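Asks: I'm passing along query-v2.csv; it holds CSV, N, CA and C atoms.
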```csv
chain,number,residue,atom,x,y,z
A,30,MET,N,10.2,28.5,6.7
A,30,MET,CA,11.4,29.3,6.5
A,30,MET,C,12.6,28.7,7.2
A,31,ILE,N,13.7,28.6,6.5
A,31,ILE,CA,15.0,28.2,7.0
A,31,ILE,C,16.0,29.2,6.7
A,32,ASN,N,16.6,29.7,7.7
A,32,ASN,CA,17.6,30.8,7.5
A,32,ASN,C,17.0,32.0,6.7
A,33,ASP,N,15.8,32.3,7.1
A,33,ASP,CA,15.0,33.4,6.5
A,33,ASP,C,14.7,33.2,5.0
A,34,ALA,N,14.8,32.0,4.5
A,34,ALA,CA,14.5,31.7,3.1
A,34,ALA,C,13.4,30.7,3.1
A,35,PRO,N,12.4,30.9,2.2
A,35,PRO,CA,11.3,29.9,2.1
A,35,PRO,C,11.8,28.6,1.5
A,36,ARG,N,11.2,27.5,2.1
A,36,ARG,CA,11.6,26.2,1.6
A,36,ARG,C,10.3,25.4,1.2
A,37,LEU,N,10.3,24.8,0.1
A,37,LEU,CA,9.1,24.0,-0.3
A,37,LEU,C,9.0,22.7,0.6
A,38,ASN,N,7.9,22.5,1.2
A,38,ASN,CA,7.6,21.4,2.0
A,38,ASN,C,6.5,20.5,1.5
A,39,LEU,N,6.5,20.3,0.2
A,39,LEU,CA,5.4,19.5,-0.4
A,39,LEU,C,5.9,18.3,-1.1
A,40,GLU,N,5.2,17.3,-1.1
A,40,GLU,CA,5.5,16.0,-1.9
A,40,GLU,C,4.3,15.7,-2.7
A,41,ILE,N,4.6,15.1,-3.8
A,41,ILE,CA,3.5,14.6,-4.7
A,41,ILE,C,3.2,13.1,-4.2
A,42,ALA,N,1.9,12.9,-3.9
A,42,ALA,CA,1.4,11.6,-3.4
A,42,ALA,C,0.4,11.1,-4.4
A,43,HIS,N,0.3,9.8,-4.5
A,43,HIS,CA,-0.7,9.1,-5.2
A,43,HIS,C,-1.9,8.9,-4.3
A,44,ILE,N,-3.1,9.2,-4.8
A,44,ILE,CA,-4.3,8.9,-4.0
A,44,ILE,C,-4.5,7.4,-4.0
A,45,ARG,N,-4.5,6.9,-5.2
A,45,ARG,CA,-4.6,5.4,-5.4
A,45,ARG,C,-3.1,5.0,-5.7
A,46,ALA,N,-2.6,4.0,-5.0
A,46,ALA,CA,-1.2,3.7,-5.2
A,46,ALA,C,-0.9,3.4,-6.7
A,47,PHE,N,0.3,3.7,-7.1
A,47,PHE,CA,0.8,3.5,-8.4
A,47,PHE,C,1.1,2.0,-8.6
A,48,GLU,N,1.6,1.3,-7.6
A,48,GLU,CA,2.0,-0.1,-7.8
A,48,GLU,C,1.1,-1.0,-7.0
A,49,GLU,N,0.8,-2.2,-7.5
A,49,GLU,CA,0.1,-3.2,-6.8
A,49,GLU,C,0.7,-3.4,-5.4
A,50,GLY,N,-0.2,-3.6,-4.4
A,50,GLY,CA,0.2,-3.8,-3.1
A,50,GLY,C,0.4,-2.5,-2.3
A,51,GLY,N,0.3,-1.3,-3.0
A,51,GLY,CA,0.4,0.0,-2.3
A,51,GLY,C,-0.9,0.4,-1.7
A,52,LYS,N,-0.9,1.4,-1.0
A,52,LYS,CA,-2.1,1.9,-0.3
A,52,LYS,C,-3.1,2.4,-1.3
A,53,ARG,N,-4.3,1.9,-1.1
A,53,ARG,CA,-5.5,2.3,-1.9
A,53,ARG,C,-5.3,1.9,-3.4
A,54,TYR,N,-4.5,0.9,-3.7
A,54,TYR,CA,-4.3,0.5,-5.1
A,54,TYR,C,-5.7,0.0,-5.7
A,55,ASP,N,-5.9,0.4,-6.9
A,55,ASP,CA,-7.1,0.0,-7.6
A,55,ASP,C,-6.7,-0.6,-8.9
A,56,SER,N,-6.9,-1.9,-9.0
A,56,SER,CA,-6.5,-2.6,-10.2
A,56,SER,C,-7.3,-2.2,-11.5
A,57,GLU,N,-8.4,-1.6,-11.3
A,57,GLU,CA,-9.3,-1.2,-12.4
A,57,GLU,C,-8.7,0.1,-13.1
A,58,TRP,N,-7.8,0.8,-12.4
A,58,TRP,CA,-7.2,2.0,-13.0
A,58,TRP,C,-6.0,1.6,-13.8
A,59,SER,N,-5.8,2.1,-15.0
A,59,SER,CA,-4.6,1.8,-15.8
A,59,SER,C,-3.4,2.6,-15.3
A,60,THR,N,-2.3,2.2,-15.8
A,60,THR,CA,-1.0,2.9,-15.4
A,60,THR,C,-1.1,4.4,-15.6
A,61,SER,N,-1.6,4.8,-16.8
A,61,SER,CA,-1.7,6.2,-17.1
A,61,SER,C,-2.7,6.9,-16.1
A,62,GLU,N,-3.8,6.2,-15.8
A,62,GLU,CA,-4.8,6.8,-14.9
A,62,GLU,C,-4.2,7.0,-13.5
A,63,ARG,N,-3.4,5.9,-13.0
A,63,ARG,CA,-2.8,6.0,-11.7
A,63,ARG,C,-1.8,7.1,-11.6
A,64,ASN,N,-1.2,7.5,-12.7
A,64,ASN,CA,-0.2,8.5,-12.8
A,64,ASN,C,-0.7,9.9,-13.2
A,65,SER,N,-2.0,10.0,-13.4
A,65,SER,CA,-2.6,11.2,-13.9
A,65,SER,C,-2.7,12.2,-12.8
A,66,PHE,N,-2.9,13.5,-13.3
A,66,PHE,CA,-3.0,14.6,-12.3
A,66,PHE,C,-4.2,14.4,-11.4
A,67,ALA,N,-5.3,13.7,-11.9
A,67,ALA,CA,-6.5,13.5,-11.1
A,67,ALA,C,-6.2,12.5,-9.9
A,68,ASN,N,-5.1,11.7,-10.0
A,68,ASN,CA,-4.8,10.8,-8.9
A,68,ASN,C,-3.6,11.3,-8.1
A,69,LEU,N,-3.2,12.5,-8.2
A,69,LEU,CA,-2.1,13.0,-7.5
A,69,LEU,C,-2.5,14.2,-6.6
A,70,ILE,N,-1.9,14.2,-5.4
A,70,ILE,CA,-2.2,15.3,-4.4
A,70,ILE,C,-0.9,15.8,-3.8
A,71,LEU,N,-0.8,17.0,-3.5
A,71,LEU,CA,0.3,17.6,-2.9
A,71,LEU,C,0.1,17.6,-1.4
A,72,LEU,N,1.0,17.0,-0.6
A,72,LEU,CA,0.9,16.9,0.8
A,72,LEU,C,2.3,17.3,1.4
A,73,CYS,N,2.2,17.8,2.6
A,73,CYS,CA,3.5,18.0,3.4
A,73,CYS,C,4.0,16.6,3.7
A,74,HIS,N,5.3,16.6,4.1
A,74,HIS,CA,6.0,15.3,4.4
A,74,HIS,C,5.2,14.5,5.5
A,75,PRO,N,4.9,15.2,6.6
A,75,PRO,CA,4.2,14.4,7.7
A,75,PRO,C,2.9,13.8,7.3
A,76,HIS,N,2.1,14.6,6.5
A,76,HIS,CA,0.8,14.0,6.0
A,76,HIS,C,1.0,12.9,5.0
A,77,HIS,N,2.0,13.0,4.1
A,77,HIS,CA,2.3,12.0,3.2
A,77,HIS,C,2.7,10.7,3.9
A,78,THR,N,3.5,10.8,4.9
A,78,THR,CA,3.9,9.7,5.7
A,78,THR,C,2.8,9.0,6.4
A,79,GLU,N,1.9,9.9,7.0
A,79,GLU,CA,0.7,9.4,7.7
A,79,GLU,C,-0.3,8.7,6.8
A,80,ILE,N,-0.6,9.2,5.6
A,80,ILE,CA,-1.6,8.5,4.8
A,80,ILE,C,-1.1,7.2,4.2
A,81,ASP,N,0.2,7.1,4.1
A,81,ASP,CA,0.7,5.8,3.6
A,81,ASP,C,1.3,4.9,4.7
A,82,GLY,N,1.2,5.3,6.0
A,82,GLY,CA,1.7,4.6,7.1
A,82,GLY,C,0.8,3.6,7.7
A,83,THR,N,1.0,3.4,9.0
A,83,THR,CA,0.2,2.4,9.7
A,83,THR,C,-1.2,2.7,9.9
A,84,ASN,N,-1.5,4.0,9.8
A,84,ASN,CA,-2.9,4.5,9.9
A,84,ASN,C,-3.6,4.7,8.6
A,85,SER,N,-3.1,4.2,7.5
A,85,SER,CA,-3.5,4.5,6.2
A,85,SER,C,-5.0,4.1,6.0
A,86,ASP,N,-5.5,3.2,6.8
A,86,ASP,CA,-6.9,2.8,6.6
A,86,ASP,C,-7.9,3.9,7.0
A,87,GLN,N,-7.4,5.0,7.6
A,87,GLN,CA,-8.2,6.1,8.0
A,87,GLN,C,-8.3,7.1,6.9
A,88,TYR,N,-7.6,6.9,5.8
A,88,TYR,CA,-7.5,7.9,4.7
A,88,TYR,C,-8.0,7.2,3.4
A,89,SER,N,-9.3,7.3,3.2
A,89,SER,CA,-9.9,6.7,2.0
A,89,SER,C,-9.7,7.5,0.8
A,90,VAL,N,-9.9,6.9,-0.4
A,90,VAL,CA,-9.8,7.5,-1.6
A,90,VAL,C,-10.8,8.7,-1.6
A,91,GLU,N,-11.9,8.6,-1.1
A,91,GLU,CA,-12.9,9.6,-1.1
A,91,GLU,C,-12.4,10.8,-0.2
A,92,LEU,N,-11.8,10.5,0.9
A,92,LEU,CA,-11.3,11.6,1.7
A,92,LEU,C,-10.2,12.4,1.0
A,93,LEU,N,-9.3,11.6,0.5
A,93,LEU,CA,-8.1,12.3,-0.2
A,93,LEU,C,-8.6,13.1,-1.5
A,94,GLU,N,-9.6,12.6,-2.2
A,94,GLU,CA,-10.2,13.3,-3.3
A,94,GLU,C,-10.9,14.6,-2.8
A,95,ARG,N,-11.5,14.5,-1.7
A,95,ARG,CA,-12.1,15.7,-1.1
A,95,ARG,C,-11.1,16.8,-0.7
A,96,TRP,N,-10.0,16.3,-0.1
A,96,TRP,CA,-8.9,17.2,0.2
A,96,TRP,C,-8.3,17.9,-1.0
A,97,LYS,N,-8.2,17.1,-2.1
A,97,LYS,CA,-7.6,17.6,-3.4
A,97,LYS,C,-8.6,18.6,-3.9
A,98,ARG,N,-9.9,18.4,-4.0
A,98,ARG,CA,-10.8,19.3,-4.5
A,98,ARG,C,-10.8,20.6,-3.7
A,99,GLU,N,-10.8,20.5,-2.4
A,99,GLU,CA,-10.8,21.7,-1.5
A,99,GLU,C,-9.6,22.5,-1.7
A,100,ARG,N,-8.4,21.9,-1.8
A,100,ARG,CA,-7.2,22.7,-1.9
A,100,ARG,C,-6.9,23.2,-3.3
A,101,GLU,N,-7.5,22.6,-4.3
A,101,GLU,CA,-7.2,23.0,-5.7
A,101,GLU,C,-8.3,23.9,-6.3
A,102,SER,N,-9.4,24.0,-5.6
A,102,SER,CA,-10.6,24.7,-6.1
A,102,SER,C,-10.3,26.1,-6.6
A,103,ASP,N,-9.5,26.9,-5.9
A,103,ASP,CA,-9.2,28.3,-6.2
A,103,ASP,C,-8.2,28.4,-7.4
A,104,GLY,N,-7.3,27.4,-7.5
A,104,GLY,CA,-6.3,27.6,-8.5
A,104,GLY,C,-6.3,26.7,-9.7
A,105,VAL,N,-7.3,25.8,-9.7
A,105,VAL,CA,-7.3,24.8,-10.8
A,105,VAL,C,-7.5,25.4,-12.2
A,106,SER,N,-8.3,26.5,-12.3
A,106,SER,CA,-8.4,27.1,-13.6
A,106,SER,C,-7.1,27.7,-14.2
A,107,ALA,N,-6.3,28.1,-13.3
A,107,ALA,CA,-5.0,28.7,-13.6
A,107,ALA,C,-4.0,27.7,-14.2
A,108,ILE,N,-4.2,26.4,-13.8
A,108,ILE,CA,-3.3,25.3,-14.3
A,108,ILE,C,-3.9,24.4,-15.2
A,109,GLY,N,-5.2,24.6,-15.6
A,109,GLY,CA,-6.0,23.8,-16.4
A,109,GLY,C,-5.4,23.4,-17.7
A,110,GLY,N,-4.6,24.3,-18.3
A,110,GLY,CA,-4.1,24.0,-19.7
A,110,GLY,C,-2.7,23.4,-19.6
A,111,LEU,N,-2.1,23.2,-18.5
A,111,LEU,CA,-0.8,22.6,-18.4
A,111,LEU,C,-0.8,21.1,-18.7
A,112,GLY,N,0.3,20.6,-19.2
A,112,GLY,CA,0.4,19.2,-19.5
A,112,GLY,C,1.3,18.5,-18.6
```
For this file, write the structure as structure tokens.

Replies:
Amino acid sequence: MINDAPRLNLEIAHIRAFEEGGKRYDSEWSTSERNSFANLILLCHPHHTEIDGTNSDQYSVELLERWKRERESDGVSAIGGLG
């Protein structure tokens, strides 16, 4: 809350980097796969900075996919048909 108004504090992050040389980049994934909903996770700014920063080796693809599953499990059916 800022001045009694809610503010969005989420950023869209790639689990596997979109560009070569990025964190957790996987050359076997196509451009469309790297930009797909399955490869995106919502994170607050501090966590986004952390997973792509100097400690990024502590945040594996498997860990980030687990976070995504856990956070989306309740609402994924509600957004399933969105494009």

Asks: Can you pull out every residue within 7 Å of segment 62-76 of chain A, counting all atoms listed in the file, but drop anything in the same chain fewer than 6 positions away, and send it as a list of chain:residue names?

Replies: A:Asn38, A:Leu39, A:Glu40, A:Ile41, A:Ala42, A:His43, A:Ile44, A:Arg45, A:Ala46, A:Phe47, A:Lys97

Asks: Suppose you want the space between atom N of Ser56 of chain A and atom CA of Val90 of chain A; what is it in Å?

Replies: 12.3 Å

Asks: What is the distance, in Å and to one decimal place, between atom CA of Thr60 of chain A and atom CA of Glu48 of chain A?

Replies: 8.7 Å

Asks: Run DSSP on the backbone of this structure and report the residues of chain A it assigns to strand (DSSP E), as a list in words.

Replies: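 Written out, the strand (DSSP E) residues of chain A are Glu40, Ile41, Ala42, His43, Leu69, Ile70, Leu71 and Leu72 of chain A.
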
Asks: Please identify the helix (DSSP H, G or I) residues within segment 37-92 of chain A (assignment by DSSP from backbone atoms) and present them as a ChimeraX atom specification.

Replies: /A:60-63,66-68,74-80,85-87,90-92

Asks: Between atom CA of Arg95 of chain A and atom CA of Ile80 of chain A, what is the distance in Å, rounded to a tenth?

Replies: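 Distance reported for this atom pair: 14.0 Å.
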
Asks: Check the smallest atom-to-atom distance from each of A:Arg36, A:Glu101, A:Met30, A:Lys52 to Glu79 of chain A using only C-alpha atoms, then report the winner.

Replies: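 Selected residue with least distance to Glu79 of chain A: A:Lys52.
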